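With PDB, C-alpha atoms and all ligand atoms inside, this is input_36.pdb:
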```pdb
ATOM      1  CA  MET M   1      89.075 144.113 233.371  1.00  0.00           C
ATOM      2  CA  ASP M   2      90.736 144.656 230.017  1.00  0.00           C
ATOM      3  CA  ILE M   3      91.957 141.437 228.457  1.00  0.00           C
ATOM      4  CA  LYS M   4      95.694 142.211 228.441  1.00  0.00           C
ATOM      5  CA  ASN M   5      95.635 143.151 232.138  1.00  0.00           C
ATOM      6  CA  GLN M   6      94.330 139.741 233.200  1.00  0.00           C
ATOM      7  CA  HIS M   7      97.832 138.361 232.790  1.00  0.00           C
ATOM      8  CA  ASN M   8      99.279 141.000 235.127  1.00  0.00           C
ATOM      9  CA  LYS M   9      96.730 140.212 237.832  1.00  0.00           C
ATOM     10  CA  ASP M  10      98.133 136.681 237.814  1.00  0.00           C
ATOM     11  CA  THR M  11     101.693 137.936 238.234  1.00  0.00           C
ATOM     12  CA  GLY M  12     101.157 139.888 241.449  1.00  0.00           C
ATOM     13  CA  SER M  13     100.053 143.375 240.359  1.00  0.00           C
ATOM     14  CA  ASN M  14      96.852 145.024 241.621  1.00  0.00           C
ATOM     15  CA  ILE M  15      96.913 147.992 239.232  1.00  0.00           C
ATOM     16  CA  GLU M  16      94.046 148.524 236.748  1.00  0.00           C
ATOM     17  CA  ARG M  17      95.441 149.015 233.231  1.00  0.00           C
ATOM     18  CA  SER M  18      93.694 149.501 229.939  1.00  0.00           C
ATOM     19  CA  ASP M  19      94.691 147.461 226.911  1.00  0.00           C
ATOM     20  CA  GLU M  20      95.733 150.768 225.287  1.00  0.00           C
ATOM     21  CA  ARG M  21      98.108 151.557 228.152  1.00  0.00           C
ATOM     22  CA  ILE M  22      99.656 148.073 228.010  1.00  0.00           C
ATOM     23  CA  ALA M  23     100.097 148.405 224.253  1.00  0.00           C
ATOM     24  CA  GLU M  24     102.016 151.672 224.769  1.00  0.00           C
ATOM     25  CA  THR M  25     104.189 150.670 227.746  1.00  0.00           C
ATOM     26  CA  GLN M  26     104.583 146.905 227.140  1.00  0.00           C
ATOM     27  CA  GLU M  27     103.498 146.212 230.721  1.00  0.00           C
ATOM     28  CA  VAL M  28     103.289 142.440 230.595  1.00  0.00           C
ATOM     29  CA  PHE M  29     105.059 141.062 233.626  1.00  0.00           C
ATOM     30  CA  THR M  30     107.126 137.933 234.097  1.00  0.00           C
ATOM     31  CA  PRO M  31     105.405 135.393 236.390  1.00  0.00           C
ATOM     32  CA  MET M  32     107.064 135.091 239.824  1.00  0.00           C
ATOM     33  CA  GLU M  33     107.932 131.426 239.340  1.00  0.00           C
ATOM     34  CA  VAL M  34     109.792 132.248 236.105  1.00  0.00           C
ATOM     35  CA  CYS M  35     111.640 135.100 237.859  1.00  0.00           C
ATOM     36  CA  GLU M  36     112.615 132.677 240.638  1.00  0.00           C
ATOM     37  CA  GLU M  37     113.864 130.102 238.114  1.00  0.00           C
ATOM     38  CA  MET M  38     115.922 132.721 236.293  1.00  0.00           C
ATOM     39  CA  VAL M  39     117.409 134.053 239.540  1.00  0.00           C
ATOM     40  CA  HIS M  40     118.569 130.513 240.364  1.00  0.00           C
ATOM     41  CA  MET M  41     120.426 130.476 237.039  1.00  0.00           C
ATOM     42  CA  ILE M  42     122.704 133.312 238.246  1.00  0.00           C
ATOM     43  CA  ASP M  43     126.130 132.006 239.240  1.00  0.00           C
ATOM     44  CA  ILE M  44     126.050 131.071 242.957  1.00  0.00           C
ATOM     45  CA  GLU M  45     129.286 132.962 243.692  1.00  0.00           C
ATOM     46  CA  ARG M  46     127.702 136.120 242.306  1.00  0.00           C
ATOM     47  CA  ARG M  47     124.644 135.603 244.518  1.00  0.00           C
ATOM     48  CA  LYS M  48     126.851 135.049 247.577  1.00  0.00           C
ATOM     49  CA  ASN M  49     129.155 138.008 246.888  1.00  0.00           C
ATOM     50  CA  PRO M  50     128.075 140.979 249.083  1.00  0.00           C
ATOM     51  CA  GLU M  51     129.585 143.344 246.457  1.00  0.00           C
ATOM     52  CA  SER M  52     127.263 142.103 243.669  1.00  0.00           C
ATOM     53  CA  LYS M  53     124.728 144.563 242.262  1.00  0.00           C
ATOM     54  CA  PHE M  54     121.566 143.677 240.321  1.00  0.00           C
ATOM     55  CA  LEU M  55     119.538 146.077 238.163  1.00  0.00           C
ATOM     56  CA  ASP M  56     116.130 145.745 236.501  1.00  0.00           C
ATOM     57  CA  ASN M  57     115.793 148.929 234.448  1.00  0.00           C
ATOM     58  CA  SER M  58     112.237 148.128 233.302  1.00  0.00           C
ATOM     59  CA  ALA M  59     111.181 146.783 236.661  1.00  0.00           C
ATOM     60  CA  GLY M  60     107.383 146.822 236.405  1.00  0.00           C
ATOM     61  CA  SER M  61     105.819 146.110 239.771  1.00  0.00           C
ATOM     62  CA  GLY M  62     108.977 144.385 240.934  1.00  0.00           C
ATOM     63  CA  ASN M  63     108.762 140.666 240.199  1.00  0.00           C
ATOM     64  CA  PHE M  64     112.448 140.235 239.344  1.00  0.00           C
ATOM     65  CA  ILE M  65     113.582 142.521 242.156  1.00  0.00           C
ATOM     66  CA  LEU M  66     111.416 140.595 244.624  1.00  0.00           C
ATOM     67  CA  ALA M  67     112.725 137.220 243.426  1.00  0.00           C
ATOM     68  CA  LEU M  68     116.289 138.551 243.706  1.00  0.00           C
ATOM     69  CA  LYS M  69     115.611 139.933 247.180  1.00  0.00           C
ATOM     70  CA  ASN M  70     114.247 136.598 248.423  1.00  0.00           C
ATOM     71  CA  GLU M  71     117.252 134.734 247.019  1.00  0.00           C
ATOM     72  CA  LEU M  72     119.857 137.205 248.317  1.00  0.00           C
ATOM     73  CA  LEU M  73     118.311 137.095 251.809  1.00  0.00           C
ATOM     74  CA  LYS M  74     119.639 133.518 252.062  1.00  0.00           C
ATOM     75  CA  TYR M  75     123.183 134.932 252.146  1.00  0.00           C
ATOM     76  CA  HIS M  76     122.992 138.577 253.247  1.00  0.00           C
ATOM     77  CA  PRO M  77     121.200 140.793 255.817  1.00  0.00           C
ATOM     78  CA  GLU M  78     118.010 142.440 254.486  1.00  0.00           C
ATOM     79  CA  GLN M  79     119.222 146.030 254.857  1.00  0.00           C
ATOM     80  CA  HIS M  80     122.425 145.262 252.938  1.00  0.00           C
ATOM     81  CA  VAL M  81     120.412 143.671 250.125  1.00  0.00           C
ATOM     82  CA  LEU M  82     117.979 146.601 249.873  1.00  0.00           C
ATOM     83  CA  ASP M  83     120.545 149.391 250.230  1.00  0.00           C
ATOM     84  CA  ASN M  84     123.560 147.977 248.381  1.00  0.00           C
ATOM     85  CA  MET M  85     122.658 145.092 246.059  1.00  0.00           C
ATOM     86  CA  LEU M  86     119.342 145.882 244.314  1.00  0.00           C
ATOM     87  CA  TYR M  87     118.576 148.676 241.824  1.00  0.00           C
ATOM     88  CA  ALA M  88     115.423 149.375 239.830  1.00  0.00           C
ATOM     89  CA  VAL M  89     114.124 151.874 237.277  1.00  0.00           C
ATOM     90  CA  GLU M  90     110.471 151.978 236.228  1.00  0.00           C
ATOM     91  CA  LEU M  91     108.689 154.525 234.050  1.00  0.00           C
ATOM     92  CA  MET M  92     105.134 154.364 235.404  1.00  0.00           C
ATOM     93  CA  GLU M  93     104.432 155.981 238.775  1.00  0.00           C
ATOM     94  CA  ASP M  94     101.838 153.453 239.929  1.00  0.00           C
ATOM     95  CA  ASN M  95     104.093 150.508 239.059  1.00  0.00           C
ATOM     96  CA  HIS M  96     106.985 152.183 240.886  1.00  0.00           C
ATOM     97  CA  LYS M  97     104.814 152.685 243.995  1.00  0.00           C
ATOM     98  CA  GLU M  98     103.651 149.060 243.896  1.00  0.00           C
ATOM     99  CA  LEU M  99     107.260 147.894 243.440  1.00  0.00           C
ATOM    100  CA  CYS M 100     108.471 149.877 246.478  1.00  0.00           C
ATOM    101  CA  GLU M 101     105.603 148.561 248.604  1.00  0.00           C
ATOM    102  CA  ARG M 102     106.209 144.944 247.573  1.00  0.00           C
ATOM    103  CA  VAL M 103     109.987 145.090 248.009  1.00  0.00           C
ATOM    104  CA  GLY M 104     109.701 147.013 251.298  1.00  0.00           C
ATOM    105  CA  VAL M 105     111.516 150.287 250.605  1.00  0.00           C
ATOM    106  CA  PRO M 106     110.283 153.902 250.913  1.00  0.00           C
ATOM    107  CA  ILE M 107     109.042 155.515 247.660  1.00  0.00           C
ATOM    108  CA  GLY M 108     111.980 157.973 247.783  1.00  0.00           C
ATOM    109  CA  HIS M 109     114.716 155.323 248.146  1.00  0.00           C
ATOM    110  CA  PRO M 110     117.474 156.409 245.709  1.00  0.00           C
ATOM    111  CA  HIS M 111     118.043 152.891 244.342  1.00  0.00           C
ATOM    112  CA  TYR M 112     114.407 152.361 243.251  1.00  0.00           C
ATOM    113  CA  VAL M 113     113.774 155.115 240.734  1.00  0.00           C
ATOM    114  CA  CYS M 114     110.702 156.266 238.818  1.00  0.00           C
ATOM    115  CA  ASP M 115     112.226 157.515 235.554  1.00  0.00           C
ATOM    116  CA  ASP M 116     112.748 156.814 231.863  1.00  0.00           C
ATOM    117  CA  ALA M 117     115.412 154.103 231.566  1.00  0.00           C
ATOM    118  CA  LEU M 118     116.505 155.529 228.219  1.00  0.00           C
ATOM    119  CA  THR M 119     117.445 158.943 229.604  1.00  0.00           C
ATOM    120  CA  TYR M 120     118.119 158.220 233.319  1.00  0.00           C
ATOM    121  CA  ASP M 121     121.764 158.819 234.360  1.00  0.00           C
ATOM    122  CA  TYR M 122     122.002 155.652 236.516  1.00  0.00           C
ATOM    123  CA  GLY M 123     123.502 157.670 239.374  1.00  0.00           C
ATOM    124  CA  PHE M 124     121.011 156.270 241.920  1.00  0.00           C
ATOM    125  CA  GLY M 125     121.444 159.278 244.155  1.00  0.00           C
ATOM    126  CA  GLU M 126     125.106 159.946 243.276  1.00  0.00           C
ATOM    127  CA  SER M 127     126.262 162.380 240.582  1.00  0.00           C
ATOM    128  CA  VAL M 128     127.796 160.574 237.600  1.00  0.00           C
ATOM    129  CA  GLY M 129     128.952 163.821 235.981  1.00  0.00           C
ATOM    130  CA  LEU M 130     126.638 163.708 232.972  1.00  0.00           C
ATOM    131  CA  GLU M 131     124.772 166.936 233.764  1.00  0.00           C
ATOM    132  CA  GLU M 132     127.147 168.989 231.592  1.00  0.00           C
ATOM    133  CA  HIS M 133     126.083 166.850 228.602  1.00  0.00           C
ATOM    134  CA  GLY M 134     122.428 167.615 229.248  1.00  0.00           C
ATOM    135  CA  LEU M 135     121.915 164.107 230.648  1.00  0.00           C
ATOM    136  CA  GLY M 136     120.821 163.007 234.056  1.00  0.00           C
ATOM    137  CA  LYS M 137     118.151 164.372 236.404  1.00  0.00           C
ATOM    138  CA  MET M 138     115.773 164.430 233.447  1.00  0.00           C
ATOM    139  CA  LYS M 139     112.059 164.471 234.198  1.00  0.00           C
ATOM    140  CA  LYS M 140     109.650 161.993 232.689  1.00  0.00           C
ATOM    141  CA  PRO M 141     107.499 163.663 230.002  1.00  0.00           C
ATOM    142  CA  LYS M 142     103.852 164.015 231.064  1.00  0.00           C
ATOM    143  CA  ASN M 143     102.575 162.364 227.889  1.00  0.00           C
ATOM    144  CA  HIS M 144     105.063 159.631 227.336  1.00  0.00           C
ATOM    145  CA  THR M 145     106.012 158.819 223.764  1.00  0.00           C
ATOM    146  CA  PRO M 146     108.416 155.874 223.516  1.00  0.00           C
ATOM    147  CA  PRO M 147     111.855 157.384 222.687  1.00  0.00           C
ATOM    148  CA  ALA M 148     114.236 156.304 219.924  1.00  0.00           C
ATOM    149  CA  PRO M 149     116.826 153.618 220.785  1.00  0.00           C
ATOM    150  CA  ASN M 150     119.448 154.863 223.246  1.00  0.00           C
ATOM    151  CA  THR M 151     122.925 155.835 222.022  1.00  0.00           C
ATOM    152  CA  ASP M 152     123.928 158.072 224.936  1.00  0.00           C
ATOM    153  CA  PRO M 153     127.181 157.646 226.907  1.00  0.00           C
ATOM    154  CA  SER M 154     125.408 156.914 230.208  1.00  0.00           C
ATOM    155  CA  GLU M 155     125.276 153.275 229.098  1.00  0.00           C
ATOM    156  CA  ALA M 156     128.908 153.018 230.185  1.00  0.00           C
ATOM    157  CA  SER M 157     127.877 153.324 233.828  1.00  0.00           C
ATOM    158  CA  LEU M 158     125.760 150.160 233.530  1.00  0.00           C
ATOM    159  CA  ASP M 159     128.889 147.965 233.589  1.00  0.00           C
ATOM    160  CA  GLN M 160     128.710 147.516 237.373  1.00  0.00           C
ATOM    161  CA  PHE M 161     125.361 145.734 237.244  1.00  0.00           C
ATOM    162  CA  PHE M 162     124.604 142.090 236.597  1.00  0.00           C
TER     163      PHE M 162
HETATM  164  C1  LIG D 201     107.610 143.786 229.979  1.00  0.00           C
HETATM  165  S1  LIG D 201     107.431 144.743 231.502  1.00  0.00           S
HETATM  166  C2  LIG D 201     108.643 143.905 232.472  1.00  0.00           C
HETATM  167  C3  LIG D 201     108.522 144.167 233.950  1.00  0.00           C
HETATM  168  C4  LIG D 201     109.439 143.311 234.825  1.00  0.00           C
HETATM  169  N1  LIG D 201     110.839 143.460 234.457  1.00  0.00           N
HETATM  170  C5  LIG D 201     109.044 141.863 234.723  1.00  0.00           C
HETATM  171  O1  LIG D 201     109.735 141.112 234.013  1.00  0.00           O
HETATM  172  O2  LIG D 201     108.044 141.491 235.328  1.00  0.00           O
HETATM  173  C6  LIG D 201     108.238 146.232 230.976  1.00  0.00           C
HETATM  174  C7  LIG D 201     108.180 147.362 232.004  1.00  0.00           C
HETATM  175  O3  LIG D 201     108.986 148.434 231.524  1.00  0.00           O
HETATM  176  C8  LIG D 201     108.353 149.666 231.793  1.00  0.00           C
HETATM  177  N2  LIG D 201     108.877 150.615 230.814  1.00  0.00           N
HETATM  178  C9  LIG D 201     108.493 150.807 229.533  1.00  0.00           C
HETATM  179  N3  LIG D 201     109.247 151.769 228.970  1.00  0.00           N
HETATM  180  C10 LIG D 201     110.137 152.164 229.926  1.00  0.00           C
HETATM  181  C11 LIG D 201     111.178 153.138 229.956  1.00  0.00           C
HETATM  182  N4  LIG D 201     111.474 153.885 228.889  1.00  0.00           N
HETATM  183  N5  LIG D 201     111.878 153.283 231.092  1.00  0.00           N
HETATM  184  C12 LIG D 201     111.609 152.533 232.196  1.00  0.00           C
HETATM  185  N6  LIG D 201     110.629 151.606 232.229  1.00  0.00           N
HETATM  186  C13 LIG D 201     109.916 151.424 231.101  1.00  0.00           C
HETATM  187  C14 LIG D 201     106.873 149.376 231.674  1.00  0.00           C
HETATM  188  O4  LIG D 201     106.109 150.317 232.415  1.00  0.00           O
HETATM  189  C15 LIG D 201     106.798 147.967 232.232  1.00  0.00           C
HETATM  190  O5  LIG D 201     106.531 148.001 233.618  1.00  0.00           O
END
```
Could you express the structure from this file as structure tokens?
Amino acid sequence: MDIKNQHNKDTGSNIERSDERIAETQEVFTPMEVCEEMVHMIDIERRKNPESKFLDNSAGSGNFILALKNELLKYHPEQHVLDNMLYAVELMEDNHKELCERVGVPIGHPHYVCDDALTYDYGFGESVGLEEHGLGKMKKPKNHTPPAPNTDPSEASLDQFF
């Protein structure tokens, strides 16, 4: 196993990654216990509110989403949590697949998206009206080159997420 991937094996991922890949995508995941600690730092009223929405837009293989799911299950039914409270975007297809499997949603679930967080329209299955600006529904480039910092207006639609 490549040296950088050893860390990810300890944080719940079973995917083989080269050091070169990790250097390009920054795939170094947060340990589950740290995710759990951070989730407990979220205001309790926000955790208990069934209208709350949580987004990890660089979700990896789902450690934060999984920690959030486990916490939210204390207060809400599982289907409500999965379909209305959690949202994820992840660039790499194998990470996205692993995330969906771990969290327990189908690969095609509209709230758990395999896309580039810097160009995704954050519609999660709903139109947000950005198509006329050439944004939204954009496909991930086959050979991914990290894009320049985002300055597009789709950022405005992130306001609803914690
Ligand atoms: C540092 S890891 C964090 C993963 C997770 N949030 C965690 O804390 O365990 C960063 C993740 O972002 C993904 N990533 C990198 N560039 C991205 C992009 N432009 N859009 C979406 N995801 C991206 C990588 O594939 C990687 O899984």
Give me the box for ligand LIG 201 (chain D) as lines of an AutoDock Vina configuration file, namely the centre and edge lengths in Å to one decimal of a box along x, y and z that holds every listed atom plus 5 Å on each side.
```
center_x = 109.0
center_y = 147.5
center_z = 232.1
size_x = 15.8
size_y = 22.8
size_z = 16.4
```
Q: Report the residues retrieved by the PyMOL selection byres (((chain M and resi 81-91) around 8) and not hetatm) from the displayed file, expressed as a PyMOL selection string.
A: chain M and resi 50-60+65+68-69+72-73+76-80+92-93+95-96+105+111-117+124+140
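Closest approach to ligand LIG 201 (chain D) from the set M:Gln6, M:Asp159, M:Thr25, M:Glu101 is made by M:Thr25, with distances taken over all atoms listed in the file.
Nearest residue to His7 of chain M among M:Asn49, M:Thr30, M:Ser61, M:Asn70 is M:Thr30, counting all atoms listed in the file.
Take atom CA of Arg17 of chain M and atom CA of Glu36 of chain M: the distance between them is 24.8 Å.
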Q: Record the distance separating atom C4 of ligand LIG 201 (chain D) and atom CA of Phe29 of chain M, expressed in Å with one decimal.
A: 5.1 Å
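With all atoms listed in the file as the atoms that count, the minimum distance from ligand LIG 201 (chain D) to the choices M:Leu118, M:Met38, M:Ala67, M:Ile15 is reached by M:Leu118.
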Q.
One number please: atom CA of Arg102 of chain M to atom CA of Tyr120 of chain M, in Å, one decimal.
A. 22.8 Å
Q) Of the candidates M:Ile3, M:Ile107, M:Leu99, M:Ile42, which one gets nearest to ligand LIG 201 (chain D) if we count all atoms listed in the file? A) M:Leu99
